[in-house]
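Participant: The structure under discussion is supplied below as structure tokens; questions concerning it will follow.
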Amino acid sequence: SEKTPSHLAQYSITAEAMRRMRQMKLDGKEAFNFANDAFSESKLLTKPSIAELRKLEAEYDGDSSDEDTKPIRSRKKKKSSIPIQVFSESHALYMILPFVSRRNPPTTKLLFSSWGGSKLRSVKGMINKMPFEEVDVEDEDGNITTEKLMEKTPTLMIIKSNGKVFGGYATDSWRHDGSTFGDARCFLYSISLDIKIPFHGKETLPAPTLPALERELSSQASFGVLRSSDDGLQFGVKDLVLSADMNRCSSQLEHSFGFGLPPTDQQSKTLLAGSEFFKVDEIELWAIVDK
């Protein structure tokens, strides 16, 4: 897109979204439905325009009664179907999420927002909103207690700071205990520049400690990609770090996520938020829920 720097054009979110829609063989109407359902409550992303769809429908599939009264030679031929296109920022971002089925695409559910009246605008407050399930656990004496276990929930974080909109996708739930988690499907992105920033793993956090059975069952190699606790959270080693109160945050790409820029390059420090150190102005956390 026009927002994407020319030397990063291959990382365009819009371009990847278009490729995904072609691979999934969506038509324009299906693409719009995907767009309309994605991140519907977001105040940080643009939404698809119903008026734009109606205009397209009139051009391609609209009412042809007026045409039917004209002589055959003068009738305008209706185009067969609405072409696929990216309708909005929310649509583009949704289409680059790692799902494969057009029949059962995931839904998006708002878990936390700074504008939602939260009294605890902090990393801890955000993690507290992660979904959990209650499980009965029996001890050696036969006593049963109910424990809350966090569900494995991928999330998309959307941040606004210094007028820039950016964030990251996490393949697993954010947690309180400071452990590392995640895999190579995690990514960072900039809506302001229309770019997806992949995980390259040149540097990683300490590898997570997983039970042997969980390692065997996992279909994805597990790295130290993400880490979180009540004291803060991070994507990669230094690539995107949020402080506990979200007021002393930082970004320095090319440690774990990036395009191959020199880590000391000024652009690696300013690409997301416009400066290396920043304060979160607004934030949303969305669960990506399989149907």
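Following the order of the structure tokens, chains are lettered A, B, ..., residues in each are numbered from 1, and ligands are numbered from 1.
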Considering only C-alpha atoms, return as number ranges by chain whatever protein or nucleic-acid residues lie within 7 Å of stretch 38-50 of chain A, sequence-local ones (same chain, fewer than 6 positions apart) excluded.
Facilitator: A: 87-91, 94, 108
Participant: Those residues with N, CA, C and O atoms, as an mmCIF file, in the first residue's frame please?
Facilitator:
```cif
data_model
loop_
_atom_site.group_PDB
_atom_site.id
_atom_site.type_symbol
_atom_site.label_atom_id
_atom_site.label_comp_id
_atom_site.auth_asym_id
_atom_site.auth_seq_id
_atom_site.Cartn_x
_atom_site.Cartn_y
_atom_site.Cartn_z
ATOM 1 N N PHE A 87 -11.152 -4.285 2.624
ATOM 2 C CA PHE A 87 -12.158 -3.268 2.893
ATOM 3 C C PHE A 87 -11.781 -2.308 4.021
ATOM 4 O O PHE A 87 -12.364 -1.234 4.132
ATOM 5 N N SER A 88 -10.856 -2.702 4.900
ATOM 6 C CA SER A 88 -10.547 -1.862 6.064
ATOM 7 C C SER A 88 -9.295 -2.384 6.755
ATOM 8 O O SER A 88 -8.788 -3.471 6.431
ATOM 9 N N GLU A 89 -8.791 -1.622 7.719
ATOM 10 C CA GLU A 89 -7.647 -2.074 8.517
ATOM 11 C C GLU A 89 -7.990 -3.329 9.302
ATOM 12 O O GLU A 89 -7.175 -4.261 9.396
ATOM 13 N N SER A 90 -9.189 -3.369 9.884
ATOM 14 C CA SER A 90 -9.593 -4.542 10.657
ATOM 15 C C SER A 90 -9.650 -5.782 9.764
ATOM 16 O O SER A 90 -9.268 -6.884 10.180
ATOM 17 N N HIS A 91 -10.103 -5.618 8.535
ATOM 18 C CA HIS A 91 -10.180 -6.730 7.589
ATOM 19 C C HIS A 91 -8.784 -7.242 7.250
ATOM 20 O O HIS A 91 -8.512 -8.459 7.278
ATOM 21 N N TYR A 94 -7.229 -9.112 10.174
ATOM 22 C CA TYR A 94 -7.883 -10.411 10.380
ATOM 23 C C TYR A 94 -7.385 -11.441 9.375
ATOM 24 O O TYR A 94 -7.131 -12.602 9.724
ATOM 25 N N THR A 108 -13.515 -13.032 16.739
ATOM 26 C CA THR A 108 -12.698 -12.131 17.555
ATOM 27 C C THR A 108 -13.540 -11.609 18.713
ATOM 28 O O THR A 108 -14.675 -11.172 18.509
#
```
Participant: Give me the residues within 12 Å of A:Asp231 as a list in words, counting only C-alpha atoms and dropping any in the same chain fewer than 5 places off.
Facilitator: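 Using only C-alpha atoms, the neighbours found are Ser122, Val123, Lys124, Gly125, Met126, Ile127, Arg175, His176, Asp177, Gly178, Val241, Leu242, Ser243, Ala244, Asp245, Met246, Arg248 and Cys249 of chain A.
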Participant: Write the selection just made, keeping all heavy atoms, as a compact mmCIF listing (two decimals), in the first residue's frame?
Facilitator:
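The new file selection_17.txt reads:
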```txt
# COMPACT_ATOMS: atom_id res chain seq x y z
N SER A 122 -3.49 -1.69 33.39
CA SER A 122 -2.16 -2.21 33.63
C SER A 122 -2.02 -3.56 32.95
O SER A 122 -3.00 -4.16 32.51
CB SER A 122 -1.90 -2.36 35.13
OG SER A 122 -2.79 -3.35 35.68
N VAL A 123 -0.78 -4.03 32.88
CA VAL A 123 -0.56 -5.37 32.33
C VAL A 123 -1.27 -6.41 33.18
O VAL A 123 -1.91 -7.34 32.66
CB VAL A 123 0.95 -5.67 32.24
CG1 VAL A 123 1.20 -7.15 31.97
CG2 VAL A 123 1.59 -4.82 31.14
N LYS A 124 -1.21 -6.27 34.50
CA LYS A 124 -1.90 -7.22 35.38
C LYS A 124 -3.40 -7.21 35.11
O LYS A 124 -4.03 -8.27 35.02
CB LYS A 124 -1.63 -6.87 36.84
CG LYS A 124 -2.32 -7.82 37.83
CD LYS A 124 -2.00 -7.45 39.27
CE LYS A 124 -2.70 -8.40 40.25
NZ LYS A 124 -2.39 -8.05 41.65
N GLY A 125 -3.98 -6.04 35.00
CA GLY A 125 -5.41 -5.94 34.73
C GLY A 125 -5.78 -6.58 33.41
O GLY A 125 -6.84 -7.20 33.28
N MET A 126 -4.90 -6.45 32.41
CA MET A 126 -5.17 -7.04 31.10
C MET A 126 -5.07 -8.56 31.17
O MET A 126 -5.93 -9.27 30.64
CB MET A 126 -4.18 -6.48 30.08
CG MET A 126 -4.45 -6.92 28.66
SD MET A 126 -3.58 -5.89 27.44
CE MET A 126 -1.87 -6.21 27.90
N ILE A 127 -4.04 -9.08 31.84
CA ILE A 127 -3.89 -10.53 31.95
C ILE A 127 -5.06 -11.14 32.73
O ILE A 127 -5.50 -12.26 32.44
CB ILE A 127 -2.54 -10.89 32.61
CG1 ILE A 127 -1.38 -10.44 31.71
CG2 ILE A 127 -2.43 -12.40 32.85
CD1 ILE A 127 -0.01 -10.62 32.33
N ARG A 175 0.21 -14.61 30.68
CA ARG A 175 0.13 -15.23 32.01
C ARG A 175 0.83 -14.38 33.06
O ARG A 175 1.57 -13.45 32.74
CB ARG A 175 0.75 -16.63 31.94
CG ARG A 175 2.17 -16.60 31.40
CD ARG A 175 2.55 -17.90 30.72
NE ARG A 175 1.73 -18.24 29.58
CZ ARG A 175 1.83 -19.40 28.93
NH1 ARG A 175 2.70 -20.30 29.31
NH2 ARG A 175 1.05 -19.65 27.91
N HIS A 176 0.58 -14.73 34.32
CA HIS A 176 1.09 -13.94 35.45
C HIS A 176 2.47 -14.37 35.94
O HIS A 176 3.12 -13.64 36.68
CB HIS A 176 0.13 -14.05 36.64
CG HIS A 176 -1.22 -13.44 36.42
ND1 HIS A 176 -1.44 -12.08 36.46
CD2 HIS A 176 -2.42 -14.01 36.17
CE1 HIS A 176 -2.73 -11.84 36.24
NE2 HIS A 176 -3.35 -13.00 36.06
N ASP A 177 2.91 -15.58 35.59
CA ASP A 177 4.04 -16.20 36.30
C ASP A 177 5.43 -15.89 35.74
O ASP A 177 6.43 -16.39 36.25
CB ASP A 177 3.86 -17.71 36.36
CG ASP A 177 3.78 -18.37 34.98
OD1 ASP A 177 4.06 -17.68 33.98
OD2 ASP A 177 3.45 -19.58 34.91
N GLY A 178 5.52 -15.11 34.68
CA GLY A 178 6.84 -14.76 34.14
C GLY A 178 7.46 -15.82 33.25
O GLY A 178 8.62 -15.68 32.83
N VAL A 241 8.21 -4.11 24.43
CA VAL A 241 8.16 -4.35 25.88
C VAL A 241 7.20 -3.35 26.52
O VAL A 241 7.35 -2.13 26.33
CB VAL A 241 9.57 -4.20 26.52
CG1 VAL A 241 9.50 -4.47 28.01
CG2 VAL A 241 10.57 -5.14 25.84
N LEU A 242 6.21 -3.86 27.25
CA LEU A 242 5.28 -3.00 27.98
C LEU A 242 5.57 -3.10 29.46
O LEU A 242 5.67 -4.20 30.02
CB LEU A 242 3.82 -3.44 27.72
CG LEU A 242 3.30 -3.44 26.28
CD1 LEU A 242 1.79 -3.66 26.29
CD2 LEU A 242 3.67 -2.17 25.54
N SER A 243 5.69 -1.95 30.11
CA SER A 243 5.90 -1.93 31.56
C SER A 243 4.59 -2.22 32.27
O SER A 243 3.51 -2.19 31.66
CB SER A 243 6.44 -0.56 32.00
OG SER A 243 5.47 0.45 31.71
N ALA A 244 4.66 -2.48 33.57
CA ALA A 244 3.48 -2.86 34.35
C ALA A 244 2.37 -1.83 34.23
O ALA A 244 1.19 -2.18 34.09
CB ALA A 244 3.86 -3.06 35.81
N ASP A 245 2.71 -0.54 34.27
CA ASP A 245 1.70 0.52 34.21
C ASP A 245 1.48 1.04 32.80
O ASP A 245 0.70 1.97 32.59
CB ASP A 245 2.08 1.67 35.14
CG ASP A 245 3.42 2.32 34.78
OD1 ASP A 245 4.03 1.91 33.75
OD2 ASP A 245 3.85 3.22 35.52
N MET A 246 2.19 0.48 31.83
CA MET A 246 2.09 0.85 30.41
C MET A 246 2.57 2.27 30.13
O MET A 246 2.30 2.82 29.05
CB MET A 246 0.66 0.67 29.88
CG MET A 246 0.11 -0.73 30.02
SD MET A 246 -1.53 -0.90 29.24
CE MET A 246 -1.95 -2.59 29.68
N ARG A 248 5.99 3.20 30.67
CA ARG A 248 7.43 3.19 30.40
C ARG A 248 7.75 2.00 29.50
O ARG A 248 8.37 1.03 29.91
CB ARG A 248 8.21 3.11 31.71
CG ARG A 248 8.05 4.33 32.60
CD ARG A 248 8.52 4.12 34.02
NE ARG A 248 7.59 3.27 34.77
CZ ARG A 248 7.86 2.04 35.16
NH1 ARG A 248 9.02 1.49 34.86
NH2 ARG A 248 6.97 1.35 35.84
N CYS A 249 7.29 2.12 28.26
CA CYS A 249 7.41 1.01 27.31
C CYS A 249 8.54 1.30 26.32
O CYS A 249 9.02 2.43 26.22
CB CYS A 249 6.09 0.83 26.57
SG CYS A 249 4.66 0.68 27.68
```
Participant: Which is closest to A:Phe32 among A:Asp172, A:Glu282, A:Glu16, A:Glu52, if we use only C-alpha atoms?
Facilitator: A:Glu52
Participant: Give me, as number ranges by chain, all polymer residues having an atom no more than 7 Å from A:Glu284, counting only C-alpha atoms and skipping those fewer than 5 positions away in the same chain.
Facilitator: A: 112-114, 157-159
Participant: Could those selected residues go to a file with N, CA and C atoms, as a PDB file, in the first residue's frame?
Facilitator:
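Saved as out29.pdb:
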```pdb
ATOM      1  N   PHE A 112     -10.133  -6.882  26.669  1.00  0.00           N
ATOM      2  CA  PHE A 112      -9.687  -5.756  27.499  1.00  0.00           C
ATOM      3  C   PHE A 112      -9.509  -4.537  26.612  1.00  0.00           C
ATOM      4  N   SER A 113      -9.884  -3.375  27.127  1.00  0.00           N
ATOM      5  CA  SER A 113      -9.612  -2.126  26.423  1.00  0.00           C
ATOM      6  C   SER A 113      -9.394  -1.013  27.438  1.00  0.00           C
ATOM      7  N   SER A 114      -8.499  -0.106  27.108  1.00  0.00           N
ATOM      8  CA  SER A 114      -8.237   1.034  27.989  1.00  0.00           C
ATOM      9  C   SER A 114      -9.408   2.000  27.984  1.00  0.00           C
ATOM     10  N   MET A 157      -3.055  -8.016  20.125  1.00  0.00           N
ATOM     11  CA  MET A 157      -2.955  -6.776  20.896  1.00  0.00           C
ATOM     12  C   MET A 157      -2.856  -5.598  19.930  1.00  0.00           C
ATOM     13  N   ILE A 158      -3.653  -4.559  20.177  1.00  0.00           N
ATOM     14  CA  ILE A 158      -3.641  -3.350  19.359  1.00  0.00           C
ATOM     15  C   ILE A 158      -3.302  -2.173  20.271  1.00  0.00           C
ATOM     16  N   ILE A 159      -2.272  -1.434  19.923  1.00  0.00           N
ATOM     17  CA  ILE A 159      -1.766  -0.340  20.759  1.00  0.00           C
ATOM     18  C   ILE A 159      -1.770   0.956  19.948  1.00  0.00           C
TER      19      ILE A 159
END
```
Participant: Rounded to one decimal in Å, what is the spacing between atom CA of A:Val86 and atom CA of A:Asp37?
Facilitator: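 Result for atom CA of A:Val86 versus atom CA of A:Asp37: 13.6 Å, one decimal.
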Participant: Check the smallest atom-to-atom distance from each of A:Pro98, A:Pro262, A:Pro131, A:Gly167 to A:Glu151 using only C-alpha atoms, then report the winner.
Facilitator: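 Of the candidates, the smallest distance to A:Glu151 is held by A:Pro131.
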Participant: Report as a list in words all protein, DNA and RNA residues lying within 6 Å of A:Trp286, evaluated on only C-alpha atoms, omitting residues in the same chain fewer than 5 positions from it.
Facilitator: Lys109, Leu110, Leu111, Thr155 and Leu156 of chain A
Participant: Find the distance between atom CA of A:Glu2 and atom CA of A:Gly274 and write it in Å to one decimal.
Facilitator: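 Atom-to-atom, atom CA of A:Glu2 to atom CA of A:Gly274, that is 18.2 Å.
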Participant: Set the distance at 10 Å and use only C-alpha atoms: which residues neighbour A:Asp27 once local chain neighbours fewer than 2 positions away are removed? I'd like the list as a list in words.
Facilitator: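 Non-adjacent residues within range: Met21, Arg22, Met24, Lys25, Lys29, Glu30, Ala31, Phe32, Ser81, Ile82, Pro83, Ile84 and Gln85 of chain A.
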Participant: Any chance you can output those residues with all heavy atoms as a short mmCIF file (atom, residue, chain, number, x, y, z; two decimals), in the first residue's frame?
Facilitator:
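Contents of result-v5.cif, freshly written:
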```
data_model
loop_
_atom_site.label_atom_id
_atom_site.label_comp_id
_atom_site.auth_asym_id
_atom_site.auth_seq_id
_atom_site.Cartn_x
_atom_site.Cartn_y
_atom_site.Cartn_z
N MET A 21 -6.80 -14.27 0.66
CA MET A 21 -8.16 -14.36 0.14
C MET A 21 -8.20 -15.12 -1.18
O MET A 21 -9.13 -15.87 -1.45
CB MET A 21 -8.77 -12.96 0.02
CG MET A 21 -9.12 -12.34 1.37
SD MET A 21 -10.04 -10.79 1.20
CE MET A 21 -8.74 -9.67 0.66
N ARG A 22 -7.18 -14.91 -2.01
CA ARG A 22 -7.12 -15.66 -3.27
C ARG A 22 -6.89 -17.14 -3.01
O ARG A 22 -7.50 -18.00 -3.65
CB ARG A 22 -6.01 -15.09 -4.16
CG ARG A 22 -6.32 -13.69 -4.70
CD ARG A 22 -5.32 -13.29 -5.76
NE ARG A 22 -5.60 -11.94 -6.27
CZ ARG A 22 -4.91 -10.87 -5.92
NH1 ARG A 22 -3.89 -10.96 -5.08
NH2 ARG A 22 -5.22 -9.68 -6.41
N MET A 24 -7.80 -18.78 -0.41
CA MET A 24 -9.03 -19.33 0.15
C MET A 24 -10.19 -19.29 -0.83
O MET A 24 -11.28 -19.76 -0.53
CB MET A 24 -9.39 -18.55 1.42
CG MET A 24 -8.37 -18.70 2.55
SD MET A 24 -8.69 -17.59 3.94
CE MET A 24 -10.16 -18.37 4.63
N LYS A 25 -9.95 -18.69 -2.01
CA LYS A 25 -10.95 -18.60 -3.07
C LYS A 25 -12.23 -17.91 -2.61
O LYS A 25 -13.35 -18.33 -2.90
CB LYS A 25 -11.27 -19.99 -3.63
CG LYS A 25 -10.06 -20.67 -4.25
CD LYS A 25 -10.40 -22.04 -4.82
CE LYS A 25 -9.18 -22.68 -5.46
NZ LYS A 25 -9.48 -24.03 -6.00
N LYS A 29 -18.07 -10.64 -1.76
CA LYS A 29 -19.09 -10.61 -0.70
C LYS A 29 -18.63 -11.40 0.53
O LYS A 29 -18.81 -10.96 1.66
CB LYS A 29 -20.40 -11.20 -1.25
CG LYS A 29 -21.58 -11.07 -0.29
CD LYS A 29 -21.97 -9.63 -0.09
CE LYS A 29 -23.21 -9.50 0.79
NZ LYS A 29 -24.43 -9.99 0.12
N GLU A 30 -18.01 -12.56 0.30
CA GLU A 30 -17.47 -13.34 1.41
C GLU A 30 -16.37 -12.55 2.12
O GLU A 30 -16.29 -12.55 3.36
CB GLU A 30 -16.93 -14.67 0.91
CG GLU A 30 -17.98 -15.66 0.46
CD GLU A 30 -17.37 -16.89 -0.17
OE1 GLU A 30 -16.42 -16.74 -0.97
OE2 GLU A 30 -17.84 -17.99 0.13
N ALA A 31 -15.53 -11.90 1.35
CA ALA A 31 -14.46 -11.11 1.93
C ALA A 31 -15.02 -10.00 2.81
O ALA A 31 -14.52 -9.73 3.90
CB ALA A 31 -13.58 -10.51 0.83
N PHE A 32 -16.10 -9.36 2.33
CA PHE A 32 -16.72 -8.30 3.11
C PHE A 32 -17.30 -8.85 4.41
O PHE A 32 -17.19 -8.22 5.46
CB PHE A 32 -17.82 -7.59 2.33
CG PHE A 32 -18.43 -6.45 3.08
CD1 PHE A 32 -17.86 -5.19 3.03
CD2 PHE A 32 -19.56 -6.63 3.87
CE1 PHE A 32 -18.40 -4.13 3.76
CE2 PHE A 32 -20.11 -5.59 4.59
CZ PHE A 32 -19.52 -4.33 4.54
N SER A 81 -19.42 -10.97 -10.35
CA SER A 81 -19.33 -10.98 -8.89
C SER A 81 -18.41 -9.87 -8.41
O SER A 81 -17.54 -9.39 -9.15
CB SER A 81 -18.80 -12.34 -8.39
OG SER A 81 -17.50 -12.57 -8.90
N ILE A 82 -18.60 -9.47 -7.15
CA ILE A 82 -17.77 -8.41 -6.57
C ILE A 82 -16.34 -8.93 -6.43
O ILE A 82 -16.12 -10.01 -5.91
CB ILE A 82 -18.32 -8.03 -5.18
CG1 ILE A 82 -19.75 -7.49 -5.31
CG2 ILE A 82 -17.42 -6.99 -4.51
CD1 ILE A 82 -20.43 -7.27 -3.98
N PRO A 83 -15.35 -8.19 -6.91
CA PRO A 83 -13.97 -8.65 -6.80
C PRO A 83 -13.49 -8.58 -5.34
O PRO A 83 -13.98 -7.78 -4.55
CB PRO A 83 -13.19 -7.65 -7.67
CG PRO A 83 -14.03 -6.40 -7.63
CD PRO A 83 -15.45 -6.87 -7.57
N ILE A 84 -12.56 -9.46 -5.01
CA ILE A 84 -12.01 -9.41 -3.66
C ILE A 84 -11.19 -8.13 -3.49
O ILE A 84 -10.57 -7.63 -4.42
CB ILE A 84 -11.15 -10.64 -3.33
CG1 ILE A 84 -9.95 -10.75 -4.28
CG2 ILE A 84 -11.98 -11.90 -3.32
CD1 ILE A 84 -8.93 -11.78 -3.84
N GLN A 85 -11.22 -7.60 -2.30
CA GLN A 85 -10.44 -6.43 -1.97
C GLN A 85 -10.33 -6.34 -0.45
O GLN A 85 -11.07 -7.00 0.28
CB GLN A 85 -11.08 -5.17 -2.52
CG GLN A 85 -12.49 -4.92 -2.00
CD GLN A 85 -13.10 -3.69 -2.63
OE1 GLN A 85 -12.83 -2.57 -2.23
NE2 GLN A 85 -13.94 -3.90 -3.65
#
```
Participant: Please run DSSP on the backbone and report, as number ranges by chain, all residues within stretch 141-231 of chain A that come out as alpha helix (DSSP H).
Facilitator: A: 212-217
Participant: Next, write the just-selected residues to a file, as a PDB file, in the first residue's frame, keeping N, CA and C atoms as the atom set.
Facilitator:
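Saved file selection.pdb follows:
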```pdb
ATOM      1  N   ALA A 212       7.001 -33.339  29.053  1.00  0.00           N
ATOM      2  CA  ALA A 212       7.399 -34.152  27.898  1.00  0.00           C
ATOM      3  C   ALA A 212       6.220 -34.448  26.980  1.00  0.00           C
ATOM      4  N   LEU A 213       5.053 -34.792  27.566  1.00  0.00           N
ATOM      5  CA  LEU A 213       3.894 -35.124  26.754  1.00  0.00           C
ATOM      6  C   LEU A 213       3.435 -33.930  25.943  1.00  0.00           C
ATOM      7  N   GLU A 214       3.444 -32.747  26.547  1.00  0.00           N
ATOM      8  CA  GLU A 214       3.015 -31.543  25.831  1.00  0.00           C
ATOM      9  C   GLU A 214       3.963 -31.239  24.681  1.00  0.00           C
ATOM     10  N   ARG A 215       5.271 -31.476  24.881  1.00  0.00           N
ATOM     11  CA  ARG A 215       6.239 -31.266  23.804  1.00  0.00           C
ATOM     12  C   ARG A 215       5.966 -32.213  22.641  1.00  0.00           C
ATOM     13  N   GLU A 216       5.630 -33.471  22.963  1.00  0.00           N
ATOM     14  CA  GLU A 216       5.377 -34.467  21.931  1.00  0.00           C
ATOM     15  C   GLU A 216       4.116 -34.141  21.127  1.00  0.00           C
ATOM     16  N   LEU A 217       3.085 -33.623  21.817  1.00  0.00           N
ATOM     17  CA  LEU A 217       1.811 -33.358  21.167  1.00  0.00           C
ATOM     18  C   LEU A 217       1.798 -32.055  20.375  1.00  0.00           C
TER      19      LEU A 217
END
```
Participant: Which residues, written as a list in words, have at least one atom at most 8 Å from A:Ile96, with only C-alpha atoms counted and residues fewer than 5 positions away on the same chain left out?
Facilitator: Ile13, Glu16, Ala17 and Arg20 of chain A
Participant: For A:His200, which of A:Gly163, A:Pro105, A:Gly28, A:Gly236 is the closest residue, counting only C-alpha atoms?
Facilitator: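 Of A:Gly163, A:Pro105, A:Gly28, A:Gly236, the one nearest A:His200 is A:Gly236, counting only C-alpha atoms.
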